[in-house]
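Asks: Sharing input.txt, compact mmCIF, C-alpha atoms:
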# COMPACT_ATOMS: atom_id res chain seq x y z
CA MET A 28 -18.37 17.59 -30.97
CA ASN A 29 -20.97 18.61 -28.45
CA SER A 30 -22.85 21.88 -28.48
CA LEU A 31 -20.93 23.47 -25.62
CA GLU A 32 -17.68 22.72 -27.40
CA GLU A 33 -19.07 24.41 -30.50
CA LEU A 34 -20.20 27.38 -28.49
CA ILE A 35 -16.72 27.82 -27.04
CA LYS A 36 -15.24 27.64 -30.55
CA SER A 37 -17.64 30.30 -31.82
CA MET A 38 -16.80 32.50 -28.86
CA ILE A 39 -13.08 32.23 -29.47
CA SER A 40 -13.61 33.07 -33.13
CA GLY A 41 -15.34 36.30 -32.13
CA ASP A 42 -19.08 35.52 -32.00
CA ARG A 43 -20.61 38.00 -29.57
CA ARG A 44 -23.74 36.01 -28.94
CA ALA A 45 -21.70 32.92 -28.10
CA LEU A 46 -19.77 34.98 -25.55
CA GLY A 47 -23.06 36.19 -24.07
CA LYS A 48 -24.31 32.63 -23.78
CA ILE A 49 -21.10 31.32 -22.23
CA ILE A 50 -21.26 33.99 -19.54
CA THR A 51 -24.85 32.97 -18.77
CA LEU A 52 -23.86 29.32 -18.49
CA MET A 53 -21.07 30.07 -16.04
CA GLU A 54 -23.36 32.37 -14.09
CA ASN A 55 -26.07 29.76 -13.72
CA ASP A 56 -24.12 26.61 -13.13
CA SER A 57 -20.63 26.08 -11.77
CA SER A 58 -20.23 22.72 -13.51
CA SER A 59 -20.30 24.57 -16.86
CA SER A 60 -17.39 26.65 -15.63
CA ALA A 61 -15.45 23.49 -14.88
CA TYR A 62 -15.89 22.56 -18.54
CA ILE A 63 -15.39 26.01 -20.09
CA ILE A 64 -12.47 27.47 -18.14
CA PRO A 65 -9.96 24.69 -18.94
CA ARG A 66 -10.70 25.28 -22.64
CA ILE A 67 -10.01 29.02 -22.54
CA HIS A 68 -7.43 29.34 -19.79
CA ASN A 69 -4.50 29.56 -22.21
CA LEU A 70 -6.07 32.52 -23.95
CA THR A 71 -6.39 34.56 -20.78
CA GLY A 72 -4.01 36.73 -18.77
CA LYS A 73 -3.47 39.44 -21.37
CA ALA A 74 -6.09 42.08 -20.54
CA HIS A 75 -5.61 44.94 -18.11
CA ILE A 76 -8.32 44.56 -15.48
CA VAL A 77 -9.58 47.84 -14.06
CA GLY A 78 -12.02 48.07 -11.15
CA ILE A 79 -14.22 51.09 -10.54
CA THR A 80 -15.80 51.21 -7.10
CA GLY A 81 -17.49 53.75 -4.84
CA PRO A 82 -20.81 54.57 -3.20
CA PRO A 83 -24.16 54.39 -5.04
CA GLY A 84 -24.77 57.46 -7.18
CA SER A 85 -21.16 58.61 -7.08
CA GLY A 86 -20.99 58.47 -10.86
CA LYS A 87 -19.20 55.20 -11.53
CA SER A 88 -21.14 54.40 -14.70
CA SER A 89 -20.56 57.86 -16.17
CA ILE A 90 -16.85 57.53 -15.48
CA VAL A 91 -16.79 54.08 -17.11
CA ASP A 92 -18.56 55.58 -20.12
CA LYS A 93 -15.81 58.18 -20.53
CA LEU A 94 -13.02 55.67 -20.03
CA ILE A 95 -14.49 53.46 -22.77
CA SER A 96 -14.27 56.41 -25.17
CA TYR A 97 -10.60 57.02 -24.42
CA TYR A 98 -9.72 53.37 -24.85
CA ARG A 99 -11.65 53.23 -28.11
CA ASP A 100 -9.87 56.35 -29.39
CA GLU A 101 -6.68 54.35 -29.11
CA GLY A 102 -8.23 51.38 -30.85
CA GLN A 103 -8.30 49.19 -27.75
CA LYS A 104 -11.02 46.57 -27.40
CA VAL A 105 -13.06 47.00 -24.25
CA GLY A 106 -15.06 44.64 -22.07
CA VAL A 107 -17.25 45.97 -19.28
CA ILE A 108 -18.85 44.09 -16.41
CA ALA A 109 -21.40 46.25 -14.61
CA ILE A 110 -22.76 44.87 -11.36
CA ASP A 111 -26.01 45.84 -9.68
CA PRO A 112 -27.62 44.42 -6.55
CA THR A 113 -30.00 41.47 -6.43
CA SER A 114 -33.03 42.00 -4.21
CA PRO A 115 -32.61 39.97 -1.03
CA PHE A 116 -36.40 39.63 -0.94
CA THR A 117 -37.39 38.55 -4.44
CA GLY A 118 -34.11 37.53 -6.08
CA GLY A 119 -34.84 39.97 -8.90
CA ALA A 120 -32.71 42.87 -10.07
CA ILE A 121 -32.80 45.96 -12.24
CA LEU A 122 -29.60 46.18 -14.21
CA GLY A 123 -29.36 49.77 -15.33
CA ASP A 124 -25.70 50.75 -15.50
CA ARG A 125 -25.73 50.44 -19.28
CA ILE A 126 -27.93 53.51 -19.56
CA ARG A 127 -24.89 55.70 -19.02
CA MET A 128 -22.94 53.88 -21.72
CA LYS A 129 -25.44 54.38 -24.56
CA LYS A 130 -23.05 55.77 -27.08
CA HIS A 131 -21.07 52.53 -27.11
CA TYR A 132 -24.03 50.18 -27.56
CA THR A 133 -23.45 49.57 -31.24
CA ASP A 134 -19.66 49.58 -31.16
CA LYS A 135 -18.84 45.95 -31.92
CA ASP A 136 -15.53 46.21 -30.05
CA VAL A 137 -17.23 47.15 -26.79
CA PHE A 138 -18.91 44.29 -24.95
CA ILE A 139 -20.95 45.32 -21.93
CA ARG A 140 -22.39 42.71 -19.63
CA SER A 141 -24.64 43.54 -16.70
CA MET A 142 -24.61 41.16 -13.77
CA ALA A 143 -26.62 40.93 -10.58
CA THR A 144 -24.88 40.13 -7.31
CA ARG A 145 -27.12 37.08 -6.68
CA GLY A 146 -26.50 37.08 -2.99
CA ASN A 147 -22.77 37.73 -3.11
CA LEU A 148 -21.72 40.30 -0.54
CA GLY A 149 -18.31 41.61 -1.55
CA GLY A 150 -19.48 44.00 -4.28
CA LEU A 151 -19.11 41.53 -7.15
CA SER A 152 -21.09 38.52 -8.26
CA GLU A 153 -19.76 35.00 -7.87
CA ALA A 154 -19.31 34.60 -11.61
CA THR A 155 -17.40 37.87 -12.07
CA GLY A 156 -14.01 36.14 -12.03
CA ASN A 157 -14.94 33.68 -14.76
CA THR A 158 -16.66 36.38 -16.79
CA ILE A 159 -13.40 38.34 -16.76
CA LYS A 160 -11.69 35.24 -18.15
CA ALA A 161 -14.27 34.87 -20.91
CA LEU A 162 -13.84 38.52 -21.96
CA ASP A 163 -10.07 38.14 -21.79
CA ALA A 164 -10.15 35.03 -23.97
CA PHE A 165 -12.46 36.88 -26.36
CA GLY A 166 -9.57 39.27 -26.97
CA LYS A 167 -10.44 42.36 -24.95
CA ASP A 168 -7.43 44.58 -24.22
CA VAL A 169 -8.98 46.12 -21.15
CA ILE A 170 -11.78 44.88 -18.91
CA ILE A 171 -13.51 47.45 -16.75
CA ILE A 172 -15.50 46.21 -13.78
CA GLU A 173 -18.00 48.48 -12.14
CA THR A 174 -18.88 47.16 -8.68
CA VAL A 175 -22.24 47.55 -6.99
CA GLY A 176 -22.59 50.80 -5.11
CA ALA A 177 -20.05 50.02 -2.40
CA GLY A 178 -20.21 50.99 1.22
CA GLN A 179 -17.27 50.21 3.45
CA ILE A 180 -16.57 46.50 3.17
CA GLU A 181 -17.40 45.67 -0.43
CA VAL A 182 -13.75 45.26 -1.32
CA ASP A 183 -13.65 42.04 -3.37
CA ILE A 184 -12.73 44.08 -6.43
CA VAL A 185 -9.19 44.22 -5.12
CA LYS A 186 -8.99 40.45 -5.55
CA VAL A 187 -9.78 40.55 -9.26
CA ALA A 188 -8.55 43.91 -10.59
CA ASP A 189 -5.01 45.01 -11.46
CA THR A 190 -5.91 48.65 -10.92
CA VAL A 191 -8.62 49.87 -8.55
CA VAL A 192 -10.18 53.32 -8.88
CA VAL A 193 -12.14 54.46 -5.83
CA VAL A 194 -14.73 57.09 -6.74
CA SER A 195 -15.72 59.51 -3.98
CA VAL A 196 -18.01 62.50 -3.96
CA PRO A 197 -17.70 65.55 -1.71
CA SER A 198 -19.80 65.88 1.45
CA MET A 199 -20.13 62.22 2.26
CA GLY A 200 -19.11 62.47 5.90
CA ASP A 201 -16.33 63.82 8.05
CA SER A 202 -12.66 62.95 8.03
CA VAL A 203 -13.13 59.91 10.26
CA GLN A 204 -14.76 58.17 7.27
CA THR A 205 -11.49 58.24 5.37
CA LEU A 206 -9.64 56.86 8.39
CA LYS A 207 -11.82 53.77 8.57
CA ALA A 208 -10.63 50.45 7.28
CA GLY A 209 -12.08 49.02 4.11
CA ILE A 210 -12.77 50.65 0.82
CA MET A 211 -10.41 53.59 1.27
CA GLU A 212 -7.51 51.17 1.62
CA ILE A 213 -7.91 49.56 -1.78
CA GLY A 214 -7.59 52.52 -4.14
CA ASP A 215 -4.66 52.72 -6.53
CA ILE A 216 -6.24 55.88 -7.85
CA PHE A 217 -8.84 58.13 -6.24
CA ALA A 218 -11.38 60.02 -8.33
CA VAL A 219 -13.29 62.77 -6.59
CA ASN A 220 -16.32 63.03 -8.83
CA LYS A 221 -18.89 65.81 -9.11
CA ALA A 222 -16.01 68.08 -8.18
CA ASP A 223 -18.05 71.16 -8.99
CA ILE A 224 -20.10 70.78 -5.82
CA GLU A 225 -19.15 72.23 -2.49
CA GLY A 226 -16.64 70.49 -0.24
CA VAL A 227 -14.36 69.17 -2.93
CA GLU A 228 -11.12 70.62 -1.54
CA LYS A 229 -11.90 69.24 1.90
CA CYS A 230 -12.64 65.84 0.43
CA ILE A 231 -9.32 65.83 -1.42
CA MET A 232 -7.43 66.96 1.65
CA GLU A 233 -8.95 64.18 3.73
CA ILE A 234 -8.05 61.53 1.17
CA ARG A 235 -4.52 62.96 0.99
CA MET A 236 -4.18 62.80 4.77
CA MET A 237 -5.44 59.27 4.80
CA LEU A 238 -2.88 58.31 2.15
CA GLU A 239 -0.05 59.95 4.05
CA LEU A 240 -0.85 57.82 7.04
CA SER A 241 -1.16 54.62 5.03
CA GLU A 242 1.56 52.22 4.26
CA LYS A 243 3.07 52.98 0.85
CA LYS A 244 1.98 50.71 -1.96
CA GLY A 245 5.50 49.99 -3.16
CA GLY A 246 6.71 52.84 -5.34
CA TRP A 247 3.22 53.92 -6.33
CA ASN A 248 1.79 57.13 -4.98
CA PRO A 249 -2.03 57.00 -5.48
CA PRO A 250 -3.11 60.13 -7.34
CA ILE A 251 -6.29 62.01 -6.45
CA ILE A 252 -8.11 63.28 -9.51
CA LYS A 253 -11.05 65.65 -9.80
CA THR A 254 -13.71 64.51 -12.24
CA PHE A 255 -16.95 66.20 -13.21
CA GLY A 256 -19.75 63.76 -13.92
CA ASN A 257 -20.84 64.48 -17.45
CA LYS A 258 -18.05 66.83 -18.42
CA ASP A 259 -14.77 65.67 -19.88
CA ASP A 260 -12.56 67.60 -17.45
CA GLY A 261 -10.44 65.28 -15.43
CA ALA A 262 -11.59 62.12 -17.18
CA ASN A 263 -8.59 62.17 -19.48
CA GLU A 264 -6.26 62.58 -16.54
CA LEU A 265 -7.97 59.64 -14.85
CA TYR A 266 -7.52 57.58 -18.00
CA LYS A 267 -3.82 58.44 -18.13
CA SER A 268 -3.37 57.55 -14.46
CA ILE A 269 -4.94 54.17 -15.02
CA LYS A 270 -2.51 53.50 -17.86
CA ASN A 271 0.41 54.78 -15.76
CA HIS A 272 -0.55 52.43 -12.98
CA HIS A 273 -0.61 49.54 -15.40
CA SER A 274 2.91 50.39 -16.63
CA TYR A 275 4.07 50.77 -13.05
CA LEU A 276 2.72 47.32 -12.15
CA ILE A 277 4.50 45.68 -15.04
CA GLU A 278 7.82 47.49 -14.61
CA SER A 279 7.95 46.96 -10.85
CA GLY A 280 7.07 43.28 -11.01
CA HIS A 281 3.97 43.84 -8.90
CA HIS A 282 1.79 42.75 -11.76
CA GLU A 283 3.17 39.24 -11.63
CA LYS A 284 2.92 39.13 -7.82
CA LYS A 285 -0.69 40.32 -7.86
CA ARG A 286 -1.65 37.75 -10.44
CA ILE A 287 -0.06 34.90 -8.49
CA MET A 288 -1.91 35.99 -5.37
CA ARG A 289 -5.13 36.13 -7.32
CA GLU A 290 -4.67 32.63 -8.74
CA LYS A 291 -3.95 31.38 -5.24
CA THR A 292 -7.15 32.89 -3.86
CA GLU A 293 -9.12 31.37 -6.69
CA LEU A 294 -7.57 27.96 -6.22
CA VAL A 295 -8.28 28.00 -2.50
CA ASN A 296 -11.88 29.05 -3.13
CA LEU A 297 -12.43 26.32 -5.67
CA LEU A 298 -10.94 23.72 -3.34
CA GLN A 299 -13.10 24.94 -0.49
CA SER A 300 -16.28 24.61 -2.47
CA LEU A 301 -15.16 21.18 -3.64
CA PHE A 302 -14.62 20.10 -0.03
CA VAL A 303 -17.95 21.48 1.05
CA LYS A 304 -19.70 19.64 -1.76
CA ASN A 305 -17.87 16.43 -0.86
CA LEU A 306 -18.70 16.92 2.76
CA TYR A 307 -22.38 16.92 2.01
CA ASN A 308 -21.97 13.85 -0.17
CA ILE A 309 -20.44 11.98 2.75
CA VAL A 310 -22.39 13.21 5.71
CA GLY A 311 -25.62 14.28 4.09
CA GLU A 312 -28.14 16.87 5.13
CA LYS A 313 -30.10 14.47 7.32
CA GLU A 314 -27.18 13.13 9.30
CA MET A 315 -25.88 16.68 9.72
CA GLU A 316 -29.20 17.59 11.28
CA GLU A 317 -29.09 14.59 13.61
CA LEU A 318 -25.59 15.55 14.71
CA ALA A 319 -26.72 19.11 15.33
CA LYS A 320 -29.53 17.81 17.51
CA LYS A 321 -27.03 15.95 19.66
CA ILE A 322 -25.06 19.13 20.11
CA ALA A 323 -28.19 21.10 20.95
CA LYS A 324 -29.25 18.52 23.55
CA ARG A 325 -25.74 18.68 25.02
CA GLU A 326 -25.17 14.98 24.36
CA LYS A 327 -22.04 15.82 22.38
CA ASP A 328 -19.97 18.87 21.59
CA PRO A 329 -19.01 19.96 18.04
CA TYR A 330 -15.33 19.08 18.40
CA MET A 331 -16.18 15.57 19.54
CA ILE A 332 -18.28 15.08 16.41
CA ILE A 333 -15.51 16.37 14.17
CA GLU A 334 -13.12 13.83 15.71
CA GLU A 335 -15.60 11.07 14.93
CA LEU A 336 -16.10 12.24 11.34
CA ILE A 337 -12.45 12.66 10.41
CA PRO A 338 -11.81 9.01 9.39
CA ARG A 339 -14.76 9.13 6.97
CA LEU A 340 -13.71 12.49 5.57
CA LYS A 341 -10.16 11.32 4.98
CA LYS A 342 -11.31 8.41 2.85
CA SER A 343 -13.34 10.68 0.65
CA ILE A 344 -10.62 12.79 -0.92
CA MET B 20 -26.73 23.83 -8.49
CA PRO B 21 -28.13 25.12 -11.77
CA ASP B 22 -29.96 28.30 -10.93
CA LYS B 23 -31.57 29.57 -14.08
CA LYS B 24 -32.60 33.19 -13.76
CA LEU B 25 -34.74 34.84 -16.39
CA ARG B 26 -33.02 37.82 -17.97
CA ILE B 27 -35.35 40.23 -19.73
CA LEU B 28 -34.44 43.31 -21.78
CA ILE B 29 -36.88 46.18 -21.44
CA ALA B 30 -36.22 48.88 -24.01
CA LYS B 31 -37.84 51.89 -25.54
CA PRO B 32 -37.04 52.37 -29.20
CA GLY B 33 -37.70 55.56 -31.10
CA LEU B 34 -38.44 59.04 -29.93
CA ASP B 35 -40.88 58.54 -27.05
CA GLY B 36 -40.48 61.10 -24.36
CA HIS B 37 -41.46 59.16 -21.27
CA ASP B 38 -40.89 55.72 -19.89
CA ARG B 39 -43.20 55.33 -16.95
CA GLY B 40 -44.93 52.27 -18.40
CA ALA B 41 -41.63 50.59 -19.17
CA LYS B 42 -40.39 51.29 -15.66
CA VAL B 43 -43.56 49.85 -14.09
CA VAL B 44 -43.10 46.67 -16.10
CA ALA B 45 -39.38 46.52 -15.26
CA ARG B 46 -40.18 46.84 -11.58
CA ALA B 47 -42.89 44.15 -11.74
CA LEU B 48 -40.51 41.71 -13.41
CA ARG B 49 -37.86 42.49 -10.83
CA ASP B 50 -40.34 41.75 -8.07
CA ALA B 51 -41.12 38.46 -9.78
CA GLY B 52 -37.47 37.48 -9.33
CA MET B 53 -36.21 38.27 -12.84
CA GLU B 54 -33.11 40.18 -13.85
CA VAL B 55 -34.22 43.13 -15.91
CA ILE B 56 -31.78 44.92 -18.18
CA TYR B 57 -33.15 48.40 -18.50
CA THR B 58 -31.67 50.57 -21.21
CA GLY B 59 -33.63 53.78 -20.98
CA LEU B 60 -35.18 56.04 -23.59
CA ARG B 61 -34.51 56.58 -27.28
CA GLN B 62 -32.87 53.35 -28.27
CA THR B 63 -32.24 52.42 -31.87
CA PRO B 64 -33.18 48.94 -33.09
CA GLU B 65 -29.46 48.33 -33.64
CA SER B 66 -28.58 49.10 -30.03
CA ILE B 67 -31.46 46.98 -28.74
CA VAL B 68 -30.31 43.95 -30.71
CA GLU B 69 -26.68 44.41 -29.72
CA THR B 70 -27.70 44.67 -26.06
CA ALA B 71 -29.82 41.53 -26.35
CA LEU B 72 -26.81 39.58 -27.66
CA GLN B 73 -24.35 40.83 -25.07
CA GLU B 74 -26.73 40.36 -22.19
CA ASP B 75 -27.98 37.01 -23.52
CA VAL B 76 -31.58 37.79 -22.63
CA ASP B 77 -34.43 35.31 -22.59
CA ALA B 78 -36.91 37.82 -24.00
CA ILE B 79 -37.12 41.40 -25.24
CA GLY B 80 -39.93 43.76 -24.24
CA LEU B 81 -40.37 46.92 -26.30
CA SER B 82 -42.50 49.80 -25.16
CA ILE B 83 -43.66 52.13 -27.93
CA LEU B 84 -45.98 55.08 -27.62
CA SER B 85 -44.94 57.02 -30.69
CA GLY B 86 -47.00 55.27 -33.37
CA ALA B 87 -43.92 53.92 -35.11
CA HIS B 88 -44.46 50.43 -33.75
CA LYS B 89 -44.88 48.68 -37.13
CA HIS B 90 -41.56 49.96 -38.37
CA LEU B 91 -39.66 49.53 -35.10
CA PHE B 92 -40.79 45.98 -34.31
CA LYS B 93 -40.04 44.93 -37.87
CA LYS B 94 -36.58 46.46 -37.76
CA VAL B 95 -35.67 44.78 -34.46
CA ILE B 96 -36.91 41.41 -35.69
CA ASP B 97 -35.01 41.74 -38.99
CA LEU B 98 -31.80 42.64 -37.18
CA LEU B 99 -32.21 39.69 -34.81
CA LYS B 100 -32.58 37.45 -37.85
CA ASN B 101 -29.36 38.85 -39.32
CA GLU B 102 -27.57 37.91 -36.13
CA GLY B 103 -29.16 34.46 -36.07
CA ALA B 104 -30.87 35.42 -32.84
CA ASP B 105 -34.53 35.43 -33.89
CA ASP B 106 -35.17 32.69 -31.37
CA ILE B 107 -35.30 35.43 -28.71
CA PRO B 108 -39.01 36.13 -28.22
CA ILE B 109 -40.31 39.71 -28.42
CA PHE B 110 -43.29 41.17 -26.64
CA GLY B 111 -44.49 44.72 -26.56
CA GLY B 112 -46.59 47.33 -24.90
CA GLY B 113 -47.69 50.89 -25.31
CA ILE B 114 -50.26 52.55 -27.49
CA ILE B 115 -50.84 50.10 -30.31
CA PRO B 116 -54.13 50.06 -32.27
CA GLU B 117 -56.08 46.81 -32.50
CA ASP B 118 -55.91 47.00 -36.31
CA ASP B 119 -52.13 46.64 -36.28
CA MET B 120 -52.11 43.50 -34.14
CA PRO B 121 -52.43 40.98 -37.01
CA TYR B 122 -49.48 42.56 -38.78
CA LEU B 123 -47.32 42.50 -35.67
CA LYS B 124 -48.26 38.90 -34.98
CA ASP B 125 -47.44 38.07 -38.56
CA ILE B 126 -43.90 39.44 -38.37
CA GLY B 127 -43.28 37.48 -35.17
CA VAL B 128 -44.17 39.65 -32.18
CA LYS B 129 -45.36 37.17 -29.55
CA LYS B 130 -47.71 39.37 -27.60
CA ILE B 131 -48.81 42.97 -27.14
CA PHE B 132 -49.89 44.24 -23.74
CA GLY B 133 -52.13 47.29 -24.05
CA PRO B 134 -52.79 49.98 -21.46
CA GLY B 135 -54.47 48.64 -18.34
CA THR B 136 -52.88 45.17 -18.50
CA SER B 137 -52.13 43.93 -15.00
CA THR B 138 -48.45 43.39 -14.36
CA GLU B 139 -49.35 39.98 -13.01
CA ASN B 140 -50.53 38.93 -16.47
CA ILE B 141 -47.27 40.09 -17.97
CA VAL B 142 -45.20 38.15 -15.43
CA THR B 143 -47.22 34.97 -15.94
CA TYR B 144 -47.03 35.32 -19.70
CA ILE B 145 -43.26 35.79 -19.72
CA LYS B 146 -42.71 32.82 -17.46
CA GLU B 147 -44.82 30.61 -19.70
CA MET B 148 -43.34 31.94 -22.92
CA THR B 149 -39.73 31.46 -21.84
CA ASN B 150 -40.48 27.98 -20.52
CA LYS B 151 -41.60 26.91 -23.95
CA SER B 152 -38.66 28.31 -25.85
Would you mind writing the structure in this file as structure tokens?
Replies:
Amino acid sequence: MNSLEELIKSMISGDRRALGKIITLMENDSSSSAYIIPRIHNLTGKAHIVGITGPPGSGKSSIVDKLISYYRDEGQKVGVIAIDPTSPFTGGAILGDRIRMKKHYTDKDVFIRSMATRGNLGGLSEATGNTIKALDAFGKDVIIIETVGAGQIEVDIVKVADTVVVVSVPSMGDSVQTLKAGIMEIGDIFAVNKADIEGVEKCIMEIRMMLELSEKKGGWNPPIIKTFGNKDDGANELYKSIKNHHSYLIESGHHEKKRIMREKTELVNLLQSLFVKNLYNIVGEKEMEELAKKIAKREKDPYMIIEELIPRLKKSI
Amino acid sequence: MPDKKLRILIAKPGLDGHDRGAKVVARALRDAGMEVIYTGLRQTPESIVETALQEDVDAIGLSILSGAHKHLFKKVIDLLKNEGADDIPIFGGGIIPEDDMPYLKDIGVKKIFGPGTSTENIVTYIKEMTNKS
């Protein structure tokens, strides 16, 4: 039995360090994922996956901290993936979301993993999907994902989470902001955090108006909940809404539909990267450059080159 | 493509009141392309070790100004041993008297960076240290 096989066994039997190491492997090298995922796939699909997104400084980490407490009060095992940005200049990152979750550090049934985006643009990191699977296989009942501070188009969370909470804070712009496409469209629940500062009623009204204009999400009416940063007010209501949404998904059959869609997206993505990799094996960086030169010199056009390459590409699959 | 990124935990155990030094180091490591898990003030040895496991870090840096360094380093190292994770190297910084260095070395602390160390030295040291292990 090789060492990776052993590591997977230890992880499944509950070794926290093994889980930490497996996440690192999948984060660093996609060929490890191709080995690991088939060995844990059967153990996944049980956890409720909750996404928390919203602008930087809106209080996502503090909200996650509170949610962990409520889940733990009910004896549920919690996994957290907290994502912070990678510097586009140095490739480094400061991962500091944990700071808000201090009181859970030594709770052995709470596993918090910080991840850097590593160049991914949608608000998650590339390995987030597989990390969810690892936590799921590890036996977590709920997996909370905190996205990077999201602006308008960081909406990938909707592709991995069952329930998405969009955190807003008052005074972030006028009502046109809530009309815009993107992040405001993906919330199953809206939390208006720091609701003790001015402008909260206006913020709520604008979200409500936006929701009234939106297409209904089946039979689910997204609630808008006031939360208060460090205080407990509202956090319990948010927790209950998240659980309600989960029940709704299961009872309405949307849960199944969402999961199938998610698996489809993942499959397509994996196939795409496989094709791209194969493409470079067949054509090669150098030849690609030569072909590009021909296009630049107007000797050939890109569609002509594709026609010429197709026979070679067909043989490769 | 394997893309190994160094992940470093920077933590402040004990009752220190400020973390400027730790933040400067965290920032320098970030600028050197590392992923720095920063856990803030007043950590217990237990929470530091648990974080190191979950985050699967390549090294742990502890900053201690309080004078309790002998006790705190020892505790963290003992706990790592209990978890079978004493292969994770530990370095430190802060106000640590010369006289205590042999003891710290003896219990397994890899290196202590005193006040005035250039961040460049720290970066180079970490890169070399993690390459070896």
Asks: Nearest to Gln73 in chain B: which of A:Phe217, A:Phe138, A:Phe255, A:Tyr275 is it, counting all atoms listed in the file?
Replies: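 For Gln73 in chain B, the nearest of the candidates is A:Phe138.
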Asks: Dump as a tab-separated table the rows for residues of chain B within 12 Å of chain A: closest atom pair and distance in Å with one decimal, all atoms listed in the file counted, ordered by chain and rising residue number.
Replies:
residue	atom	partner	partner_atom	distance
B:Met20	CA	A:Asp56	CA	6.0
B:Pro21	CA	A:Asp56	CA	4.5
B:Asp22	CA	A:Asn55	CA	5.0
B:Lys23	CA	A:Asn55	CA	5.5
B:Lys24	CA	A:Asn55	CA	7.4
B:Leu25	CA	A:Gly119	CA	9.1
B:Arg26	CA	A:Ala120	CA	9.4
B:Ile27	CA	A:Ile121	CA	9.8
B:Leu28	CA	A:Leu122	CA	9.4
B:Ile29	CA	A:Ile121	CA	10.1
B:Ala30	CA	A:Ile126	CA	10.5
B:Lys31	CA	A:Ile126	CA	11.7
B:Lys42	CA	A:Ile121	CA	9.9
B:Val43	CA	A:Ile121	CA	11.6
B:Val44	CA	A:Ile121	CA	11.0
B:Ala45	CA	A:Ile121	CA	7.3
B:Arg46	CA	A:Ile121	CA	7.5
B:Ala47	CA	A:Gly119	CA	9.5
B:Leu48	CA	A:Gly119	CA	7.5
B:Arg49	CA	A:Gly119	CA	4.4
B:Asp50	CA	A:Thr117	CA	5.7
B:Ala51	CA	A:Thr117	CA	6.5
B:Gly52	CA	A:Gly119	CA	3.6
B:Met53	CA	A:Gly119	CA	4.5
B:Glu54	CA	A:Ala120	CA	4.7
B:Val55	CA	A:Ile121	CA	4.8
B:Ile56	CA	A:Leu122	CA	4.7
B:Tyr57	CA	A:Gly123	CA	5.1
B:Thr58	CA	A:Ile126	CA	5.0
B:Gly59	CA	A:Ile126	CA	5.9
B:Leu60	CA	A:Ile126	CA	8.7
B:Arg61	CA	A:Lys129	CA	9.7
B:Gln62	CA	A:Lys129	CA	8.4
B:Thr63	CA	A:Thr133	CA	9.3
B:Pro64	CA	A:Thr133	CA	9.9
B:Glu65	CA	A:Thr133	CA	6.6
B:Ser66	CA	A:Tyr132	CA	5.3
B:Ile67	CA	A:Tyr132	CA	8.2
B:Val68	CA	A:Thr133	CA	8.9
B:Glu69	CA	A:Thr133	CA	6.3
B:Thr70	CA	A:Tyr132	CA	6.8
B:Ala71	CA	A:Arg44	CA	8.6
B:Leu72	CA	A:Arg44	CA	4.9
B:Gln73	CA	A:Gly47	CA	4.9
B:Glu74	CA	A:Arg140	CA	5.6
B:Asp75	CA	A:Gly47	CA	5.0
B:Val76	CA	A:Gly47	CA	8.8
B:Asp77	CA	A:Lys48	CA	10.5
B:Leu99	CA	A:Arg44	CA	10.9
B:Glu102	CA	A:Arg44	CA	8.4
B:Gly103	CA	A:Arg44	CA	9.1
B:Ala104	CA	A:Arg44	CA	8.1
B:Asp105	CA	A:Arg44	CA	11.9
B:Ile107	CA	A:Arg44	CA	11.6
Asks: Quick one: pull the distance between CA of Ala78 in chain B and CA of Ile109 in chain B, Å, one decimal.
Replies: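 Computing the Euclidean distance for CA of Ala78 in chain B and CA of Ile109 in chain B yields 5.9 Å.
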Asks: Taking 4 positions as the minimum chain separation for residues in the same chain, which residues sit within 9 Å of Leu70 in chain A when counting only C-alpha atoms? Answer as JSON, numbers by chain.
Replies: {"A": [39, 66, 160, 163, 164, 165, 166]}
Asks: Which value, in Å to one decimal, gives the distance between CA of Ile231 in chain A and CA of Asp215 in chain A?
Replies: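 Going from CA of Ile231 in chain A over to CA of Asp215 in chain A covers 14.8 Å.
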Asks: Which residues, written as a list in words, have at least one atom at most 8 Å from range 113-115 of chain B, with all atoms listed in the file counted and residues fewer than 4 positions away on the same chain left out?
Replies: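 Once the nearby chain positions are removed, what remains is Gly40, Ser82, Ile83, Leu84, Ser85, Gly86, His88, Asp119, Met120, Phe132, Gly133 and Pro134 of chain B.
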Asks: So what do you get for CA of Lys87 in chain A versus CA of Met288 in chain A, distance-wise?
Replies: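 Result for CA of Lys87 in chain A versus CA of Met288 in chain A: 26.6 Å, one decimal.
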Asks: Tell me, as a PDB file with C-alpha atoms, in the coordinates of the input, which residues lie within 9 Å of Met148 in chain B, counting all atoms listed in the file; anything in the same chain fewer than 5 positions away does not count.
Replies:
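Writing done, so here's selection19.pdb:
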ATOM      1  CA  ALA B  78     -36.910  37.820 -24.000  1.00  0.00           C
ATOM      2  CA  PRO B 108     -39.010  36.130 -28.220  1.00  0.00           C
ATOM      3  CA  LYS B 129     -45.360  37.170 -29.550  1.00  0.00           C
ATOM      4  CA  THR B 143     -47.220  34.970 -15.940  1.00  0.00           C
TER       5      THR B 143
END
Asks: Which residues are near Gly261 in chain A? Cut-off 12 Å, all atoms listed in the file, ignore same chain within fewer than 3 positions. Put them as an MDAnalysis selection string.
Replies: chainID A and resid 90 93:94 217:223 251:258 264:268
Asks: Skip Met315 in chain A itself and residues of its chain fewer than 4 positions away, then list as a ChimeraX atom specification all residues within 12 Å of it, counting only C-alpha atoms.
Replies: /A:306-311,319-322,329,332-333,336
